[in-house]
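Participant: Submitted below is the structure of interest, expressed as structure tokens.
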Amino acid sequence: MAITVQIPTALRRHTDGVGKLDCAATNLGELFSVLDDKFPALKPHLRDEAGQVRRFLNVYVNEEDIRFLGGPGYTFQDGDEILLVPSIAGGTNEPGDLAIPPSGDRPLHDDERNQDFCFAR
């Protein structure tokens, strides 16, 4: 049995640039063990100190969130494609940037902002 693991660009700095890996893991625990052995620098980005899937790591099997397939105990099928997607947050508040408000509101320019974030209507 073979599955394919897609490693997104955000994690490739921990895999020496490898973006795709074929292996014979049958579940998420085995897959993480394979990845731990092959890419030790990736390990802390997959599991927390208790060995659980990191809170901000999303795992997709054939584009379906693994949580909806039974979670980490889901048994992979031959030909499954696994995608590891870390949640990425951030942004900027540089001069000239626009604050992006909810739909229906217009963006605020720097000179319209104050300490309390508000929206112009």
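Within each chain, counting starts at residue 1; across the structure tokens, chains are named A, B, ... in the order shown, with ligands numbered 1 upward in that order.
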Do you know which residues are at most 8 Å from Gly29 of chain A counting only C-alpha atoms, after dropping those on the same chain fewer than 2 positions away, and could you put them as a ChimeraX atom specification?

Facilitator: /A:27,31-33,72-73

Participant: Write to file, as a short mmCIF file (atom, residue, chain, number, x, y, z; two decimals), in the first residue's frame, the residues of the selection just made, with N, CA and C atoms.

Facilitator:
```cif
data_model
loop_
_atom_site.label_atom_id
_atom_site.label_comp_id
_atom_site.auth_asym_id
_atom_site.auth_seq_id
_atom_site.Cartn_x
_atom_site.Cartn_y
_atom_site.Cartn_z
N ASN A 27 -1.72 4.88 9.05
CA ASN A 27 -2.51 5.86 9.80
C ASN A 27 -1.62 7.07 10.11
N LEU A 31 2.46 7.66 9.91
CA LEU A 31 2.96 8.68 8.99
C LEU A 31 3.88 9.65 9.71
N PHE A 32 3.46 10.12 10.88
CA PHE A 32 4.30 11.05 11.64
C PHE A 32 5.61 10.39 12.04
N SER A 33 5.59 9.11 12.37
CA SER A 33 6.83 8.39 12.71
C SER A 33 7.77 8.34 11.51
N PRO A 72 -7.26 11.06 14.04
CA PRO A 72 -5.93 10.44 13.87
C PRO A 72 -5.97 8.92 13.70
N GLY A 73 -7.04 8.28 14.12
CA GLY A 73 -7.15 6.83 13.99
C GLY A 73 -7.60 6.37 12.62
#
```

Participant: May I have the residues within 8 Å of segment 34-38 of chain A as a list in words, using only C-alpha atoms and disregarding those fewer than 4 positions away in the same chain?

Facilitator: Cys23, Ala25, Glu30, Leu42 and Lys43 of chain A

Participant: Limited to C-alpha atoms, could you put the picked residues into a file as a compact mmCIF listing (two decimals), in the first residue's frame?

Facilitator:
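Listed below is the output, out_26.txt:
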```
# COMPACT_ATOMS: atom_id res chain seq x y z
CA CYS A 23 5.35 5.91 2.01
CA ALA A 25 2.01 4.36 6.55
CA GLU A 30 2.70 5.85 11.48
CA LEU A 42 9.83 18.64 11.18
CA LYS A 43 8.81 16.72 14.30
```

Participant: Quick one: everything within 9 Å of Leu46 of chain A, counting only C-alpha atoms, minus sequence neighbours fewer than 6 positions away in the same chain. Send it as a list in words.

Facilitator: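 These residues fall inside the cut-off: Phe32, Asp36, Gln52, Val53, Arg54, Leu57, Leu84 and Pro86 of chain A.
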
Participant: For the residues in that selection, give me C-alpha atoms as a PDB file, in the first residue's frame.

Facilitator:
```
ATOM      1  CA  PHE A  32       4.298  11.051  11.637  1.00  0.00           C
ATOM      2  CA  ASP A  36      10.058  12.095  12.223  1.00  0.00           C
ATOM      3  CA  GLN A  52      -0.767  14.842  19.894  1.00  0.00           C
ATOM      4  CA  VAL A  53      -1.299  16.509  16.522  1.00  0.00           C
ATOM      5  CA  ARG A  54      -0.412  20.187  16.884  1.00  0.00           C
ATOM      6  CA  LEU A  57      -1.819  21.691  11.969  1.00  0.00           C
ATOM      7  CA  LEU A  84      -0.277  18.772   5.904  1.00  0.00           C
ATOM      8  CA  PRO A  86      -0.100  24.532   9.122  1.00  0.00           C
TER       9      PRO A  86
END
```

Participant: Select, from A:Ala24, A:Ala2, A:Ala41, A:Ile7, the residue with the minimum atom-to-atom distance to Tyr60 of chain A, counting only C-alpha atoms.

Facilitator: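 Using only C-alpha atoms, Tyr60 of chain A sits closest to A:Ile7.
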
Participant: Nearest to Val85 of chain A among A:Ile66, A:Ala10, A:Asp22, A:Pro44, with distances taken over only C-alpha atoms: which residue is it?

Facilitator: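 Of the candidates, the smallest distance to Val85 of chain A is held by A:Ala10.
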
Participant: Please, what distance in Å, to one decimal, runs between atom CA of Thr15 of chain A and atom CA of Asp65 of chain A?

Facilitator: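 Atom CA of Asp65 of chain A lies at a distance of 22.9 Å from atom CA of Thr15 of chain A.
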
Participant: In Å, rounded to a single decimal, give me how far atom CA of Asn58 of chain A is from atom CA of Ile82 of chain A.

Facilitator: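 So the two atoms, atom CA of Ile82 of chain A and atom CA of Asn58 of chain A, lie 10.4 Å apart.
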